[in-house]
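Engineer: File work_19.pdb below, PDB, C-alpha atoms:
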```pdb
ATOM      1  CA  MET H 258     -69.034 -22.623  62.565
ATOM      2  CA  LYS H 259     -71.967 -20.384  63.549
ATOM      3  CA  VAL H 260     -71.475 -21.238  67.248
ATOM      4  CA  ARG H 261     -67.757 -20.428  66.992
ATOM      5  CA  VAL H 262     -68.483 -16.985  65.442
ATOM      6  CA  ILE H 263     -71.127 -16.203  68.073
ATOM      7  CA  GLY H 264     -68.744 -17.372  70.813
ATOM      8  CA  SER H 265     -65.951 -15.196  69.436
ATOM      9  CA  LEU H 266     -68.247 -12.165  69.252
ATOM     10  CA  PHE H 267     -69.411 -12.801  72.820
ATOM     11  CA  MET H 268     -65.803 -12.967  74.073
ATOM     12  CA  LEU H 269     -64.924  -9.786  72.197
ATOM     13  CA  LEU H 270     -67.918  -8.001  73.724
ATOM     14  CA  LEU H 271     -67.034  -9.294  77.190
ATOM     15  CA  LEU H 272     -63.396  -8.170  76.879
ATOM     16  CA  SER H 273     -64.376  -4.717  75.637
ATOM     17  CA  CYS H 274     -66.775  -4.317  78.570
ATOM     18  CA  LEU H 275     -64.164  -5.427  81.076
ATOM     19  CA  SER H 276     -61.591  -3.011  79.706
ATOM     20  CA  GLY H 277     -64.112  -0.148  79.721
ATOM     21  CA  CYS H 278     -65.733  -1.060  83.035
ATOM     22  CA  GLY H 279     -64.089  -0.313  86.349
ATOM     23  CA  LYS H 280     -63.206   2.949  87.987
ATOM     24  CA  PRO H 281     -64.730   6.127  86.578
ATOM     25  CA  SER H 282     -62.692   8.466  84.425
ATOM     26  CA  PHE H 283     -60.703  11.341  85.858
ATOM     27  CA  TYR H 284     -61.412  14.823  84.473
ATOM     28  CA  SER H 285     -59.006  17.748  84.515
ATOM     29  CA  VAL H 286     -59.432  20.336  87.274
ATOM     30  CA  LYS H 287     -57.141  23.339  87.178
ATOM     31  CA  GLY H 288     -57.141  27.075  87.686
ATOM     32  CA  VAL H 289     -55.489  30.041  89.373
ATOM     33  CA  VAL H 290     -55.472  31.054  93.035
ATOM     34  CA  LYS H 291     -55.133  34.719  93.930
ATOM     35  CA  VAL H 292     -54.837  36.137  97.419
ATOM     36  CA  ASP H 293     -55.922  39.766  97.677
ATOM     37  CA  GLY H 294     -55.931  39.984  93.885
ATOM     38  CA  LYS H 295     -52.384  38.674  93.336
ATOM     39  CA  PRO H 296     -51.359  35.195  92.104
ATOM     40  CA  ALA H 297     -50.362  33.149  95.164
ATOM     41  CA  HIS H 298     -47.427  30.708  95.167
ATOM     42  CA  HIS H 299     -47.362  27.598  97.427
ATOM     43  CA  VAL H 300     -51.129  27.442  98.085
ATOM     44  CA  LYS H 301     -52.273  23.885  98.721
ATOM     45  CA  VAL H 302     -55.633  23.339  97.010
ATOM     46  CA  ALA H 303     -57.540  20.255  98.180
ATOM     47  CA  MET H 304     -60.844  18.939  96.868
ATOM     48  CA  PHE H 305     -63.018  16.402  98.684
ATOM     49  CA  PRO H 306     -66.473  15.104  97.682
ATOM     50  CA  ASP H 307     -69.359  17.179  99.015
ATOM     51  CA  VAL H 308     -70.945  14.225 100.851
ATOM     52  CA  ALA H 309     -72.289  13.657 104.358
ATOM     53  CA  GLU H 310     -69.593  11.082 105.149
ATOM     54  CA  PHE H 311     -66.271  11.062 103.291
ATOM     55  CA  LYS H 312     -64.861   7.595 102.572
ATOM     56  CA  PRO H 313     -61.346   7.821 101.088
ATOM     57  CA  ASP H 314     -61.513   4.258  99.722
ATOM     58  CA  SER H 315     -64.595   4.915  97.588
ATOM     59  CA  HIS H 316     -64.654   8.655  96.901
ATOM     60  CA  GLY H 317     -62.420  10.603  94.562
ATOM     61  CA  PHE H 318     -60.364  13.427  96.037
ATOM     62  CA  GLY H 319     -57.215  15.278  95.120
ATOM     63  CA  PHE H 320     -54.662  17.980  95.773
ATOM     64  CA  GLY H 321     -52.714  20.602  93.884
ATOM     65  CA  MET H 322     -50.033  23.157  94.723
ATOM     66  CA  THR H 323     -49.896  26.560  93.074
ATOM     67  CA  ASP H 324     -46.818  27.613  91.144
ATOM     68  CA  ALA H 325     -45.315  31.123  90.940
ATOM     69  CA  ASN H 326     -48.204  32.194  88.653
ATOM     70  CA  GLY H 327     -50.829  30.924  91.104
ATOM     71  CA  GLU H 328     -51.706  28.047  88.755
ATOM     72  CA  TYR H 329     -52.656  24.618  90.106
ATOM     73  CA  GLU H 330     -53.778  21.265  88.732
ATOM     74  CA  ILE H 331     -55.530  18.700  90.914
ATOM     75  CA  GLN H 332     -53.993  15.243  91.168
ATOM     76  CA  HIS H 333     -55.475  12.157  92.834
ATOM     77  CA  PRO H 334     -53.151  10.457  95.380
ATOM     78  CA  THR H 335     -52.771   7.546  92.919
ATOM     79  CA  GLY H 336     -50.965   9.939  90.577
ATOM     80  CA  ASP H 337     -53.848  10.340  88.111
ATOM     81  CA  LYS H 338     -54.490  13.970  87.176
ATOM     82  CA  GLY H 339     -58.003  15.224  87.786
ATOM     83  CA  LEU H 340     -61.079  14.060  89.676
ATOM     84  CA  TYR H 341     -64.196  12.024  89.037
ATOM     85  CA  ALA H 342     -67.208  14.028  87.849
ATOM     86  CA  GLY H 343     -69.146  15.417  90.826
ATOM     87  CA  THR H 344     -69.314  18.221  93.376
ATOM     88  CA  TYR H 345     -66.398  18.879  95.717
ATOM     89  CA  LYS H 346     -65.636  20.999  98.777
ATOM     90  CA  VAL H 347     -62.451  23.028  98.343
ATOM     91  CA  THR H 348     -59.932  23.854 101.052
ATOM     92  CA  LEU H 349     -57.073  26.315 100.604
ATOM     93  CA  VAL H 350     -54.025  26.802 102.818
ATOM     94  CA  LEU H 351     -50.850  28.855 102.487
ATOM     95  CA  TRP H 352     -48.531  27.815 105.296
ATOM     96  CA  VAL H 353     -45.774  30.296 106.160
ATOM     97  CA  ASP H 354     -43.061  30.067 108.784
ATOM     98  CA  GLY H 355     -42.403  32.586 111.547
ATOM     99  CA  ARG H 356     -40.653  34.915 109.070
ATOM    100  CA  GLY H 357     -43.630  34.850 106.693
ATOM    101  CA  LYS H 358     -41.933  32.644 104.078
ATOM    102  CA  PRO H 359     -43.953  29.802 102.525
ATOM    103  CA  ILE H 360     -42.872  26.393 103.760
ATOM    104  CA  PRO H 361     -41.622  23.897 101.146
ATOM    105  CA  PRO H 362     -44.380  21.796  99.525
ATOM    106  CA  ASP H 363     -43.106  18.557 101.064
ATOM    107  CA  ALA H 364     -42.703  19.990 104.596
ATOM    108  CA  LYS H 365     -45.130  18.974 107.334
ATOM    109  CA  PRO H 366     -46.522  22.050 109.123
ATOM    110  CA  SER H 367     -46.276  20.300 112.502
ATOM    111  CA  GLU H 368     -42.530  19.787 112.013
ATOM    112  CA  VAL H 369     -41.542  23.362 111.093
ATOM    113  CA  PRO H 370     -39.363  24.910 113.827
ATOM    114  CA  GLY H 371     -41.137  27.874 115.385
ATOM    115  CA  GLY H 372     -44.513  26.802 113.976
ATOM    116  CA  VAL H 373     -46.513  27.935 110.983
ATOM    117  CA  LYS H 374     -49.378  30.267 110.192
ATOM    118  CA  ASN H 375     -51.976  30.012 107.435
ATOM    119  CA  LYS H 376     -52.061  33.288 105.453
ATOM    120  CA  ILE H 377     -55.507  32.366 104.096
ATOM    121  CA  PRO H 378     -58.490  32.898 106.441
ATOM    122  CA  ALA H 379     -59.262  29.861 108.633
ATOM    123  CA  LYS H 380     -62.704  29.227 107.104
ATOM    124  CA  TYR H 381     -60.996  28.023 103.895
ATOM    125  CA  GLU H 382     -58.914  25.442 105.800
ATOM    126  CA  SER H 383     -61.785  23.395 107.226
ATOM    127  CA  LEU H 384     -64.013  21.052 105.213
ATOM    128  CA  ALA H 385     -66.859  21.862 107.596
ATOM    129  CA  ASP H 386     -66.549  25.637 107.119
ATOM    130  CA  THR H 387     -65.225  26.260 103.611
ATOM    131  CA  PRO H 388     -67.605  28.251 101.438
ATOM    132  CA  GLU H 389     -65.868  27.039  98.278
ATOM    133  CA  ARG H 390     -67.344  24.320  96.060
ATOM    134  CA  VAL H 391     -66.538  23.145  92.561
ATOM    135  CA  THR H 392     -68.578  20.975  90.238
ATOM    136  CA  VAL H 393     -66.476  18.812  87.960
ATOM    137  CA  PRO H 394     -68.415  17.975  84.789
ATOM    138  CA  TYR H 395     -67.593  15.203  82.359
ATOM    139  CA  GLY H 396     -64.770  16.732  80.337
ATOM    140  CA  GLY H 397     -63.186  18.696  83.219
ATOM    141  CA  THR H 398     -63.234  22.280  84.406
ATOM    142  CA  THR H 399     -61.186  25.357  85.198
ATOM    143  CA  ARG H 400     -61.899  26.973  88.571
ATOM    144  CA  ASP H 401     -60.175  30.139  89.796
ATOM    145  CA  PHE H 402     -60.204  31.411  93.377
ATOM    146  CA  ASP H 403     -59.610  34.981  94.589
ATOM    147  CA  ILE H 404     -59.372  34.959  98.373
ATOM    148  CA  SER H 405     -59.511  38.133 100.439
ATOM    149  CA  THR H 406     -57.573  38.230 103.699
ATOM    150  CA  LYS H 407     -59.250  41.446 104.791
TER
END
```
Rewrite the structure from the file as structure tokens, please.
Structural biologist:
Amino acid sequence: MKVRVIGSLFMLLLLSCLSGCGKPSFYSVKGVVKVDGKPAHHVKVAMFPDVAEFKPDSHGFGFGMTDANGEYEIQHPTGDKGLYAGTYKVTLVLWVDGRGKPIPPDAKPSEVPGGVKNKIPAKYESLADTPERVTVPYGGTTRDFDISTK
């Protein structure tokens, strides 16, 4: 009887560890993007780990698109909202067509007739050059950006 109880407790402990072990938790990352002091619609916000060598299979990363109020929420490509705790480089792009209209969120810039232009300065587009970083603590964070084009 004693062995059976100990065995049952061991199995319960093992199952609880297995269900709690695995990939780290995602934490909410959201905020507002302004360009020249005004909320910016259609800005693609991307966050990649601030590491020497990015490995998409083992590092968390995510993307968000601003709405009409400039608000975004980061989502991992798996569909989970948020990111793992850690420090991330942030890139920001606002693709517009030849008439200055933002391209649709699902459009590929390389396939837009007449080409596209990024309304946000080029340094924010490149992981190597972006000055923007965000630290995601356990519990999540709100991070706003106010980008000057001047």
Engineer: Please write as an MDAnalysis selection string the full residue list that the PyMOL selection byres ((chain H and resi 282-289) around 6) yields on this file.
Structural biologist: chainID H and resid 281 290 327:331 339:341 396:401
Engineer: Which residues are near segment 332-337 of chain H? Cut-off 8 Å, only C-alpha atoms, ignore same chain within fewer than 5 positions. Put them as a list in words.
Structural biologist: Phe283, Gly317, Phe318, Gly319, Phe320 and Gly321 of chain H
Engineer: Which residues are near segment 292-308 of chain H? Cut-off 6 Å, only C-alpha atoms, ignore same chain within fewer than 5 positions. Put them as a PyMOL selection string.
Structural biologist: chain H and resi 318-327+344-351+403-405
Engineer: Taking C-alpha atoms for each residue, export the selection above as an mmCIF file, in the frame of the given file.
Structural biologist:
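Writing the result to result-v8.cif gives the following:
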```cif
data_model
loop_
_atom_site.group_PDB
_atom_site.id
_atom_site.type_symbol
_atom_site.label_atom_id
_atom_site.label_comp_id
_atom_site.auth_asym_id
_atom_site.auth_seq_id
_atom_site.Cartn_x
_atom_site.Cartn_y
_atom_site.Cartn_z
ATOM 1 C CA PHE H 318 -60.364 13.427 96.037
ATOM 2 C CA GLY H 319 -57.215 15.278 95.120
ATOM 3 C CA PHE H 320 -54.662 17.980 95.773
ATOM 4 C CA GLY H 321 -52.714 20.602 93.884
ATOM 5 C CA MET H 322 -50.033 23.157 94.723
ATOM 6 C CA THR H 323 -49.896 26.560 93.074
ATOM 7 C CA ASP H 324 -46.818 27.613 91.144
ATOM 8 C CA ALA H 325 -45.315 31.123 90.940
ATOM 9 C CA ASN H 326 -48.204 32.194 88.653
ATOM 10 C CA GLY H 327 -50.829 30.924 91.104
ATOM 11 C CA THR H 344 -69.314 18.221 93.376
ATOM 12 C CA TYR H 345 -66.398 18.879 95.717
ATOM 13 C CA LYS H 346 -65.636 20.999 98.777
ATOM 14 C CA VAL H 347 -62.451 23.028 98.343
ATOM 15 C CA THR H 348 -59.932 23.854 101.052
ATOM 16 C CA LEU H 349 -57.073 26.315 100.604
ATOM 17 C CA VAL H 350 -54.025 26.802 102.818
ATOM 18 C CA LEU H 351 -50.850 28.855 102.487
ATOM 19 C CA ASP H 403 -59.610 34.981 94.589
ATOM 20 C CA ILE H 404 -59.372 34.959 98.373
ATOM 21 C CA SER H 405 -59.511 38.133 100.439
#
```
Engineer: Using atom CA of Ile377 of chain H and atom CA of Thr406 of chain H as the two end points, give the distance in Å to one decimal.
Structural biologist: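 Distance reported for this atom pair: 6.2 Å.
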Engineer: With only C-alpha atoms counted, which protein, DNA or RNA residues have an atom no more than 12 Å from (-42.6, 21.5, 104.8) in the file frame? Please answer as a VMD selection string.
Structural biologist: chain H and resid 299 301 351 to 354 358 to 370 372 to 373
Engineer: For atom CA of Ala309 of chain H and atom CA of Ala385 of chain H, quote the distance in Å rounded to one decimal.
Structural biologist: 10.4 Å
Engineer: Provide the atom CA of Ala379 of chain H to atom CA of Lys407 of chain H distance in Å, to one decimal place.
Structural biologist: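 Computing the Euclidean distance for atom CA of Ala379 of chain H and atom CA of Lys407 of chain H yields 12.2 Å.
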Engineer: Will you model N, CA and C atoms for segment 388-403 of chain H and pass it back as a PDB file, in the frame of the given file?
Structural biologist:
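For reference, rebuild.pdb as written:
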```pdb
ATOM      1  N   PRO H 388     -66.486  27.848 102.292  1.00  0.00           N
ATOM      2  CA  PRO H 388     -67.605  28.251 101.438  1.00  0.00           C
ATOM      3  C   PRO H 388     -67.400  27.832  99.977  1.00  0.00           C
ATOM      4  N   GLU H 389     -66.211  27.332  99.671  1.00  0.00           N
ATOM      5  CA  GLU H 389     -65.868  27.039  98.278  1.00  0.00           C
ATOM      6  C   GLU H 389     -66.305  25.639  97.851  1.00  0.00           C
ATOM      7  N   ARG H 390     -66.930  25.577  96.685  1.00  0.00           N
ATOM      8  CA  ARG H 390     -67.344  24.320  96.060  1.00  0.00           C
ATOM      9  C   ARG H 390     -66.950  24.387  94.585  1.00  0.00           C
ATOM     10  N   VAL H 391     -66.771  23.229  93.996  1.00  0.00           N
ATOM     11  CA  VAL H 391     -66.538  23.145  92.561  1.00  0.00           C
ATOM     12  C   VAL H 391     -67.286  21.924  92.041  1.00  0.00           C
ATOM     13  N   THR H 392     -67.934  22.098  90.906  1.00  0.00           N
ATOM     14  CA  THR H 392     -68.578  20.975  90.238  1.00  0.00           C
ATOM     15  C   THR H 392     -67.709  20.592  89.053  1.00  0.00           C
ATOM     16  N   VAL H 393     -67.311  19.328  89.036  1.00  0.00           N
ATOM     17  CA  VAL H 393     -66.476  18.812  87.960  1.00  0.00           C
ATOM     18  C   VAL H 393     -67.394  18.082  86.977  1.00  0.00           C
ATOM     19  N   PRO H 394     -67.578  18.646  85.789  1.00  0.00           N
ATOM     20  CA  PRO H 394     -68.415  17.975  84.789  1.00  0.00           C
ATOM     21  C   PRO H 394     -67.586  16.954  84.005  1.00  0.00           C
ATOM     22  N   TYR H 395     -68.288  16.096  83.284  1.00  0.00           N
ATOM     23  CA  TYR H 395     -67.593  15.203  82.359  1.00  0.00           C
ATOM     24  C   TYR H 395     -66.844  16.103  81.382  1.00  0.00           C
ATOM     25  N   GLY H 396     -65.575  15.887  81.217  1.00  0.00           N
ATOM     26  CA  GLY H 396     -64.770  16.732  80.337  1.00  0.00           C
ATOM     27  C   GLY H 396     -63.836  17.655  81.105  1.00  0.00           C
ATOM     28  N   GLY H 397     -64.079  17.877  82.411  1.00  0.00           N
ATOM     29  CA  GLY H 397     -63.186  18.696  83.219  1.00  0.00           C
ATOM     30  C   GLY H 397     -63.636  20.138  83.350  1.00  0.00           C
ATOM     31  N   THR H 398     -62.871  20.893  84.132  1.00  0.00           N
ATOM     32  CA  THR H 398     -63.234  22.280  84.406  1.00  0.00           C
ATOM     33  C   THR H 398     -62.018  23.093  84.803  1.00  0.00           C
ATOM     34  N   THR H 399     -62.161  24.397  84.686  1.00  0.00           N
ATOM     35  CA  THR H 399     -61.186  25.357  85.198  1.00  0.00           C
ATOM     36  C   THR H 399     -61.893  26.146  86.282  1.00  0.00           C
ATOM     37  N   ARG H 400     -61.268  26.251  87.459  1.00  0.00           N
ATOM     38  CA  ARG H 400     -61.899  26.973  88.571  1.00  0.00           C
ATOM     39  C   ARG H 400     -60.846  27.850  89.220  1.00  0.00           C
ATOM     40  N   ASP H 401     -61.073  29.168  89.166  1.00  0.00           N
ATOM     41  CA  ASP H 401     -60.175  30.139  89.796  1.00  0.00           C
ATOM     42  C   ASP H 401     -60.730  30.550  91.152  1.00  0.00           C
ATOM     43  N   PHE H 402     -59.835  30.933  92.043  1.00  0.00           N
ATOM     44  CA  PHE H 402     -60.204  31.411  93.377  1.00  0.00           C
ATOM     45  C   PHE H 402     -59.493  32.735  93.619  1.00  0.00           C
ATOM     46  N   ASP H 403     -60.211  33.711  94.179  1.00  0.00           N
ATOM     47  CA  ASP H 403     -59.610  34.981  94.589  1.00  0.00           C
ATOM     48  C   ASP H 403     -60.031  35.208  96.028  1.00  0.00           C
TER      49      ASP H 403
END
```
